[in-house]
$ cat protein24.txt   # compact mmCIF, C-alpha atoms
# COMPACT_ATOMS: atom_id res chain seq x y z
CA ILE A 1 112.97 141.15 109.65
CA HIS A 2 115.39 143.25 111.68
CA PHE A 3 118.86 142.12 112.76
CA ARG A 4 119.78 144.15 115.81
CA ALA A 5 123.16 144.44 117.53
CA ASP A 6 123.87 143.14 121.02
CA ASP A 7 127.38 141.94 121.82
CA ASN A 8 126.13 139.95 124.83
CA ASN A 9 123.60 137.89 122.89
CA ARG A 10 124.61 135.22 120.34
CA ARG A 11 121.26 135.66 118.61
CA CYS A 12 122.30 139.18 117.61
CA LEU A 13 124.99 140.92 115.63
CA ASN A 14 127.81 142.13 117.83
CA HIS A 15 128.04 145.54 116.14
CA LYS A 16 125.42 147.86 114.64
CA VAL A 17 127.40 149.04 111.59
CA VAL A 18 127.42 146.43 108.78
CA CYS A 19 129.59 147.24 105.75
CA SER A 20 129.23 144.00 103.74
CA ILE A 21 126.97 140.94 103.56
CA LEU A 22 127.55 137.52 101.99
CA ASP A 23 124.98 134.77 101.43
CA ASP A 24 127.13 131.66 101.00
CA SER A 25 126.57 128.48 98.99
CA GLU A 26 125.62 126.53 102.14
CA GLY A 27 122.91 128.95 103.19
CA GLY A 28 124.89 130.79 105.85
CA LEU A 29 124.96 134.56 106.21
CA TRP A 30 128.16 136.52 106.80
CA PHE A 31 128.20 140.11 108.03
CA GLY A 32 131.29 142.27 107.84
CA THR A 33 131.05 144.92 110.54
CA GLU A 34 132.92 148.15 111.12
CA GLU A 35 134.35 147.28 114.53
CA GLY A 36 132.95 143.87 115.49
CA GLY A 37 134.86 141.72 113.02
CA LEU A 38 133.09 139.03 110.99
CA ASN A 39 129.70 137.72 112.16
CA TYR A 40 128.41 134.38 110.82
CA LEU A 41 124.73 133.45 111.16
CA ASP A 42 123.79 129.77 111.09
CA ARG A 43 120.23 129.88 109.77
CA SER A 44 119.37 126.47 111.25
CA THR A 45 120.24 127.43 114.84
CA ARG A 46 119.84 131.22 114.43
CA LEU A 47 123.03 131.63 116.41
CA TYR A 48 125.97 133.83 115.49
CA THR A 49 129.65 132.98 115.51
CA TYR A 50 131.98 135.95 115.86
CA TYR A 51 135.41 136.08 114.25
CA ILE A 52 137.36 138.74 116.15
CA HIS A 53 140.91 139.97 115.72
CA ASP A 54 143.22 138.82 118.50
CA PRO A 55 146.76 140.25 118.28
CA GLN A 56 148.03 137.26 120.27
CA ASN A 57 146.51 134.72 117.86
CA SER A 58 147.92 134.48 114.32
CA ASN A 59 144.89 132.39 113.32
CA SER A 60 142.42 135.16 114.10
CA ILE A 61 140.99 137.53 111.52
CA ALA A 62 143.41 140.33 110.56
CA SER A 63 141.17 143.27 111.47
CA ASN A 64 137.77 143.96 113.01
CA ASN A 65 136.90 146.49 110.30
CA ILE A 66 135.50 144.47 107.37
CA LYS A 67 134.85 146.22 104.04
CA ALA A 68 134.31 143.38 101.51
CA LEU A 69 133.36 139.69 101.44
CA LEU A 70 133.52 136.97 98.80
CA GLU A 71 133.02 133.20 98.68
CA ASP A 72 135.25 131.76 95.95
CA ARG A 73 134.51 128.66 93.89
CA ASP A 74 136.45 126.54 96.36
CA GLY A 75 134.15 127.62 99.19
CA ARG A 76 136.74 129.80 100.94
CA ILE A 77 135.66 133.12 102.44
CA TRP A 78 137.73 136.14 101.38
CA ILE A 79 137.61 139.01 103.85
CA GLY A 80 138.76 142.46 102.79
CA THR A 81 139.67 144.56 105.79
CA TYR A 82 140.64 148.11 106.63
CA GLN A 83 144.25 148.22 107.86
CA GLY A 84 144.57 144.42 107.91
CA GLY A 85 144.82 143.42 104.25
CA ILE A 86 143.14 140.18 103.20
CA SER A 87 142.15 137.24 105.40
CA ILE A 88 140.99 134.01 103.76
CA LEU A 89 139.01 131.53 105.85
CA ASP A 90 139.14 127.85 104.94
CA ARG A 91 135.93 126.55 106.50
CA LYS A 92 137.08 122.92 106.30
CA THR A 93 140.02 123.56 108.64
CA ASN A 94 138.79 126.80 110.24
CA GLN A 95 142.22 128.27 109.46
CA PHE A 96 142.98 131.78 108.20
CA THR A 97 145.53 132.75 105.56
CA HIS A 98 146.61 136.39 105.64
CA TYR A 99 148.07 138.70 102.99
CA THR A 100 149.35 142.13 103.97
CA HIS A 101 151.27 144.87 102.21
CA ASN A 102 155.03 144.69 102.54
CA PRO A 103 156.81 147.84 101.26
CA SER A 104 159.98 145.84 100.59
CA ASP A 105 158.16 143.19 98.50
CA SER A 106 156.86 144.40 95.13
CA ASN A 107 154.80 141.20 94.77
CA SER A 108 152.85 141.72 97.99
CA ILE A 109 149.30 143.06 98.06
CA CYS A 110 149.11 146.74 97.07
CA SER A 111 147.42 147.94 100.26
CA ASN A 112 146.11 146.82 103.65
CA ASP A 113 142.88 148.74 103.02
CA ILE A 114 140.73 146.48 100.81
CA SER A 115 137.40 147.84 99.55
CA ALA A 116 136.27 145.34 96.86
CA ILE A 117 136.78 141.65 95.99
CA TYR A 118 135.67 139.89 92.79
CA GLU A 119 136.23 136.41 91.31
CA ASP A 120 136.18 136.35 87.51
CA ARG A 121 135.17 133.48 85.24
CA ASP A 122 138.77 132.17 85.24
CA SER A 123 138.60 131.92 89.06
CA ASP A 124 141.15 134.72 89.40
CA ILE A 125 140.61 137.11 92.28
CA TRP A 126 140.56 140.89 91.82
CA LEU A 127 141.18 143.06 94.87
CA GLY A 128 140.36 146.76 94.95
CA SER A 129 141.86 149.06 97.53
CA ILE A 130 141.25 152.46 99.05
CA TYR A 131 143.44 154.86 97.02
CA HIS A 132 146.11 152.28 96.21
CA GLY A 133 144.79 150.78 93.00
CA LEU A 134 143.91 147.23 91.96
CA ASP A 135 145.53 143.81 92.27
CA LEU A 136 144.97 140.50 90.50
CA PHE A 137 145.82 137.53 92.71
CA ASN A 138 147.61 134.56 91.17
CA LYS A 139 146.43 131.53 93.14
CA SER A 140 149.22 129.25 91.91
CA THR A 141 152.07 131.55 93.00
CA GLY A 142 150.39 133.45 95.84
CA ARG A 143 151.62 136.68 94.25
CA PHE A 144 149.81 139.84 93.29
CA ILE A 145 149.81 141.53 89.88
CA HIS A 146 149.49 145.30 90.24
CA TYR A 147 147.52 147.44 87.79
CA THR A 148 148.55 151.04 87.23
CA PHE A 149 145.85 153.47 86.15
CA ASN A 150 146.17 156.60 84.05
CA ASP A 151 143.48 159.19 83.45
CA SER A 152 142.34 160.38 80.02
CA ILE A 153 145.40 162.66 79.66
CA GLY A 154 147.88 159.99 80.69
CA GLU A 155 148.56 161.01 84.28
CA SER A 156 149.02 158.19 86.78
CA GLN A 157 146.19 157.84 89.30
CA GLN A 158 145.99 156.07 92.66
CA ILE A 159 142.34 155.10 92.43
CA ASN A 160 139.81 154.32 95.11
CA THR A 161 138.14 151.08 93.99
CA ASN A 162 134.48 150.80 94.99
CA THR A 163 133.16 147.96 92.86
CA ILE A 164 134.36 145.37 90.31
CA ILE A 165 132.45 143.29 87.73
CA GLN A 166 133.22 141.26 84.63
CA ASP A 167 130.83 141.66 81.71
CA ARG A 168 129.75 138.89 79.34
CA TYR A 169 132.44 139.91 76.85
CA GLY A 170 135.15 139.31 79.45
CA PHE A 171 136.01 142.92 80.21
CA ILE A 172 136.64 143.93 83.82
CA TRP A 173 134.89 147.15 84.88
CA ILE A 174 136.03 149.19 87.87
CA GLY A 175 133.86 151.79 89.59
CA ALA A 176 136.14 154.35 91.21
CA GLY A 177 136.18 157.79 92.77
CA GLU A 178 136.51 161.13 90.97
CA SER A 179 133.69 160.15 88.52
CA ARG A 180 136.00 157.59 86.91
CA ILE A 181 135.23 154.19 85.40
CA TYR A 182 137.92 151.86 84.10
CA LYS A 183 137.57 149.04 81.56
CA ILE A 184 140.30 146.38 81.58
CA ASN A 185 141.07 143.91 78.83
CA LYS A 186 142.48 141.05 80.89
CA ASN A 187 144.21 139.42 77.92
CA THR A 188 146.00 142.50 76.57
CA LYS A 189 146.10 144.42 79.89
CA GLU A 190 144.77 147.48 78.05
CA ILE A 191 143.03 149.92 80.40
CA ILE A 192 140.54 152.56 79.22
CA CYS A 193 139.48 155.38 81.53
CA TYR A 194 136.01 156.92 81.21
CA HIS A 195 134.74 160.04 82.97
CA LEU A 196 131.06 160.39 83.78
CA PRO A 197 129.38 163.49 82.33
CA THR A 198 128.95 165.35 85.60
CA ASN A 199 130.47 168.49 87.03
CA LEU A 200 130.64 166.80 90.42
CA ARG A 201 133.44 164.51 91.53
CA VAL A 202 131.34 161.52 92.52
CA SER A 203 132.14 157.93 93.45
CA VAL A 204 130.88 155.10 91.24
CA ALA A 205 129.48 152.78 93.90
CA THR A 206 127.76 150.02 91.94
CA ILE A 207 127.64 148.53 88.41
CA LEU A 208 125.05 146.32 86.71
CA GLU A 209 125.09 144.54 83.37
CA ASP A 210 121.46 143.83 82.45
CA GLN A 211 119.95 141.04 80.33
CA GLN A 212 120.57 143.04 77.14
CA SER A 213 124.27 143.56 78.02
CA ASN A 214 123.61 147.19 78.88
CA LEU A 215 125.74 148.70 81.63
CA TRP A 216 124.34 150.85 84.42
CA PHE A 217 126.44 152.82 86.89
CA GLY A 218 125.14 154.04 90.23
CA THR A 219 126.97 156.90 91.90
CA VAL A 220 127.10 158.63 95.25
CA GLY A 221 125.77 162.09 94.42
CA GLY A 222 125.58 161.84 90.63
CA GLY A 223 122.58 159.57 90.18
CA LEU A 224 122.28 156.76 87.62
CA HIS A 225 124.20 156.58 84.34
CA PHE A 226 123.64 154.37 81.28
CA PHE A 227 126.57 153.34 79.06
CA ASN A 228 125.97 153.08 75.32
CA ARG A 229 128.39 150.46 73.98
CA SER A 230 128.00 151.49 70.34
CA ASP A 231 129.46 154.99 70.76
CA GLU A 232 130.86 154.60 74.29
CA SER A 233 128.82 157.49 75.63
CA PHE A 234 127.00 157.97 78.93
CA THR A 235 123.44 159.10 79.56
CA THR A 236 122.26 160.36 82.93
CA ASN A 237 118.92 158.79 83.85
CA THR A 238 118.20 160.32 87.26
CA LYS A 239 115.61 162.85 86.08
CA SER A 240 114.04 160.76 83.31
CA ILE A 241 113.02 157.97 85.70
CA ASN A 242 112.25 160.31 88.59
CA LEU A 243 114.63 158.83 91.13
CA PRO A 244 114.11 159.98 94.72
CA SER A 245 117.84 160.49 95.28
CA LYS A 246 121.11 160.96 93.41
CA ILE A 247 122.83 158.61 95.85
CA ILE A 248 122.66 155.09 94.38
CA LEU A 249 124.16 152.40 96.60
CA GLY A 250 123.06 149.21 94.85
CA ILE A 251 121.61 147.98 91.52
CA LEU A 252 119.96 144.63 90.81
CA ALA A 253 117.93 143.24 87.88
CA ASP A 254 115.08 140.75 88.24
CA ASP A 255 113.92 138.04 85.83
CA ASP A 256 111.28 140.36 84.32
CA GLY A 257 113.85 142.91 83.18
CA ASN A 258 113.13 145.38 85.96
CA ILE A 259 116.02 147.25 87.53
CA TRP A 260 115.97 147.85 91.28
CA LEU A 261 117.91 150.68 92.88
CA SER A 262 118.70 151.15 96.54
CA THR A 263 119.10 154.85 97.25
CA SER A 264 119.61 157.12 100.24
CA ASN A 265 115.89 157.88 100.06
CA GLY A 266 114.30 154.47 99.60
CA LEU A 267 114.00 151.72 97.00
CA SER A 268 113.16 152.37 93.34
CA ARG A 269 112.18 150.12 90.46
CA PHE A 270 111.97 150.84 86.74
CA ASN A 271 111.87 148.95 83.47
CA PRO A 272 114.25 150.31 80.79
CA ALA A 273 112.43 148.54 77.94

$ encode --input "protein24.txt" --output "structure tokens"
Amino acid sequence: IHFRADDNNRRCLNHKVVCSILDDSEGGLWFGTEEGGLNYLDRSTRLYTYYIHDPQNSNSIASNNIKALLEDRDGRIWIGTYQGGISILDRKTNQFTHYTHNPSDSNSICSNDISAIYEDRDSDIWLGSIYHGLDLFNKSTGRFIHYTFNDSIGESQQINTNTIIQDRYGFIWIGAGESRIYKINKNTKEIICYHLPTNLRVSVATILEDQQSNLWFGTVGGGLHFFNRSDESFTTNTKSINLPSKIILGILADDDGNIWLSTSNGLSRFNPA
């Protein structure tokens, strides 16, 4: 099935570049586009609704460049934008709540360029930004807790956050640029920085925890890496499983233990057992 773009036809996307996709709990599909705002597809009617930024309307989406989408446990849609911060859509009222960076307010969101959104098992929301670090949103106060990152020699880093997950032990893992991976202990706020064993400065684009609690990291240009929890070492798997590309954009596991990889040169499947 192909979803083509045609801004004059409500049976089509209104922009051809899609940066994020969300399949919500009610069966609807949401598409975050690069310049066409947020597109919602009602599967029953096969018609799209377009949420477009209108500078004259405070209840419109904050930006037409959408980088990340999340449905939280309350059914609200979180929209991470480029240059517009966060917009949150309450579908019951069809109202938006906006959060933007305010340089004079240390409790405001760290950046208006949001690249990743994740809800952890405590229903707290993690927001990753483009070169301005990571925030944890406190729903009760509406304030943001900022995380400062240091590299392995203790120098402060303004990281580019590409992906966020929480593993079954409760640790938060951040895939970042410059071949860096960060592990956060939410309770103690301890942050550990890992560097992938590659001479290239690659971005960690995607992370998977498989059924055996193993962690897999897909990179843009550095292939696939396996994390050994026992000695905290990394193994590069690109050559051993004969991947068609070193650019890994997505990782999923199926119920049979297979791992699926979307790459710049097609789809791959392998079984690590």

$ atom_distance --input "protein24.txt" --atom1 "atom CA of Arg229 of chain A" --atom2 "atom CA of Gly266 of chain A"
29.5 Å

$ residues_near_point --input "protein24.txt" --point "(136.0, 146.6, 89.3)" --cutoff "10 Å" --atoms "all atoms listed in the file" --output "mmCIF file with C-alpha atoms, keeping the file's coordinate frame"
data_model
loop_
_atom_site.group_PDB
_atom_site.id
_atom_site.type_symbol
_atom_site.label_atom_id
_atom_site.label_comp_id
_atom_site.auth_asym_id
_atom_site.auth_seq_id
_atom_site.Cartn_x
_atom_site.Cartn_y
_atom_site.Cartn_z
ATOM 1 C CA ALA A 116 136.270 145.340 96.860
ATOM 2 C CA ILE A 117 136.780 141.650 95.990
ATOM 3 C CA TYR A 118 135.670 139.890 92.790
ATOM 4 C CA TRP A 126 140.560 140.890 91.820
ATOM 5 C CA LEU A 127 141.180 143.060 94.870
ATOM 6 C CA GLY A 128 140.360 146.760 94.950
ATOM 7 C CA LEU A 134 143.910 147.230 91.960
ATOM 8 C CA THR A 161 138.140 151.080 93.990
ATOM 9 C CA ASN A 162 134.480 150.800 94.990
ATOM 10 C CA THR A 163 133.160 147.960 92.860
ATOM 11 C CA ILE A 164 134.360 145.370 90.310
ATOM 12 C CA ILE A 165 132.450 143.290 87.730
ATOM 13 C CA GLN A 166 133.220 141.260 84.630
ATOM 14 C CA PHE A 171 136.010 142.920 80.210
ATOM 15 C CA ILE A 172 136.640 143.930 83.820
ATOM 16 C CA TRP A 173 134.890 147.150 84.880
ATOM 17 C CA ILE A 174 136.030 149.190 87.870
ATOM 18 C CA GLY A 175 133.860 151.790 89.590
ATOM 19 C CA ALA A 176 136.140 154.350 91.210
ATOM 20 C CA ILE A 181 135.230 154.190 85.400
ATOM 21 C CA TYR A 182 137.920 151.860 84.100
ATOM 22 C CA LYS A 183 137.570 149.040 81.560
ATOM 23 C CA ILE A 184 140.300 146.380 81.580
ATOM 24 C CA THR A 206 127.760 150.020 91.940
ATOM 25 C CA ILE A 207 127.640 148.530 88.410
#

$ atom_distance --input "protein24.txt" --atom1 "atom CA of Asp122 of chain A" --atom2 "atom CA of Ile88 of chain A"
18.7 Å

$ residues_around --input "protein24.txt" --residues "Asn59 of chain A" --least-positions-apart "2" --cutoff "8 Å" --atoms "all atoms listed in the file" --output "list in words"
Asn57, Ile61, Gln95, Phe96 and Thr97 of chain A

$ closest_residue --input "protein24.txt" --among "A:Pro103, A:Gly257, A:Gly221, A:Gly80" --to "Ala273 of chain A" --atoms "only C-alpha atoms"
A:Gly257

$ residues_around --input "protein24.txt" --residues "Gly133 of chain A" --least-positions-apart "5" --cutoff "9 Å" --atoms "all atoms listed in the file" --output "number ranges by chain"
A: 110-111, 127-128, 146-149, 157-161

$ closest_residue --input "protein24.txt" --among "A:Ile21, A:Ile130, A:Ile259, A:Leu208" --to "Arg168 of chain A" --atoms "only C-alpha atoms"
A:Leu208

$ closest_residue --input "protein24.txt" --among "A:Pro197, A:Asp54, A:Tyr99, A:Asn258" --to "Ser233 of chain A" --atoms "only C-alpha atoms"
A:Pro197

$ atom_distance --input "protein24.txt" --atom1 "atom CA of Asp210 of chain A" --atom2 "atom CA of Lys246 of chain A"
20.3 Å

$ closest_residue --input "protein24.txt" --among "A:Ser108, A:Thr235, A:Asn39, A:Thr219" --to "Leu200 of chain A" --atoms "only C-alpha atoms"
A:Thr219

$ residues_near_point --input "protein24.txt" --point "(125.3, 139.0, 109.1)" --cutoff "7 Å" --atoms "only C-alpha atoms" --output "PDB file with C-alpha atoms, in the frame of the given file"
ATOM      1  CA  LEU A  13     124.990 140.920 115.630  1.00  0.00           C
ATOM      2  CA  ILE A  21     126.970 140.940 103.560  1.00  0.00           C
ATOM      3  CA  LEU A  29     124.960 134.560 106.210  1.00  0.00           C
ATOM      4  CA  TRP A  30     128.160 136.520 106.800  1.00  0.00           C
ATOM      5  CA  PHE A  31     128.200 140.110 108.030  1.00  0.00           C
ATOM      6  CA  GLY A  32     131.290 142.270 107.840  1.00  0.00           C
ATOM      7  CA  ASN A  39     129.700 137.720 112.160  1.00  0.00           C
ATOM      8  CA  TYR A  40     128.410 134.380 110.820  1.00  0.00           C
ATOM      9  CA  LEU A  41     124.730 133.450 111.160  1.00  0.00           C
TER      10      LEU A  41
END

$ closest_atom_pairs --input "protein24.txt" --of "segment 17-89 of chain A" --to "segment 136-140 of chain A" --cutoff "12 Å" --atoms "all atoms listed in the file" --output "JSON lines"
{"residue": "A:Asp72", "atom": "CA", "partner": "A:Lys139", "partner_atom": "CA", "distance": 11.5}
{"residue": "A:Asp74", "atom": "CA", "partner": "A:Lys139", "partner_atom": "CA", "distance": 11.6}
{"residue": "A:Trp78", "atom": "CA", "partner": "A:Phe137", "partner_atom": "CA", "distance": 11.9}
{"residue": "A:Ile86", "atom": "CA", "partner": "A:Phe137", "partner_atom": "CA", "distance": 11.1}

$ residues_around --input "protein24.txt" --residues "Glu209 of chain A" --least-positions-apart "4" --cutoff "10 Å" --atoms "only C-alpha atoms" --output "list in words"
Ile165, Gln166, Asp167, Arg168, Ser213, Asn214, Leu215, Trp216, Phe217, Phe227, Ile251, Leu252 and Ala253 of chain A

$ closest_residue --input "protein24.txt" --among "A:Pro244, A:Asp135, A:Pro272, A:Gly177" --to "Gln212 of chain A" --atoms "only C-alpha atoms"
A:Pro272
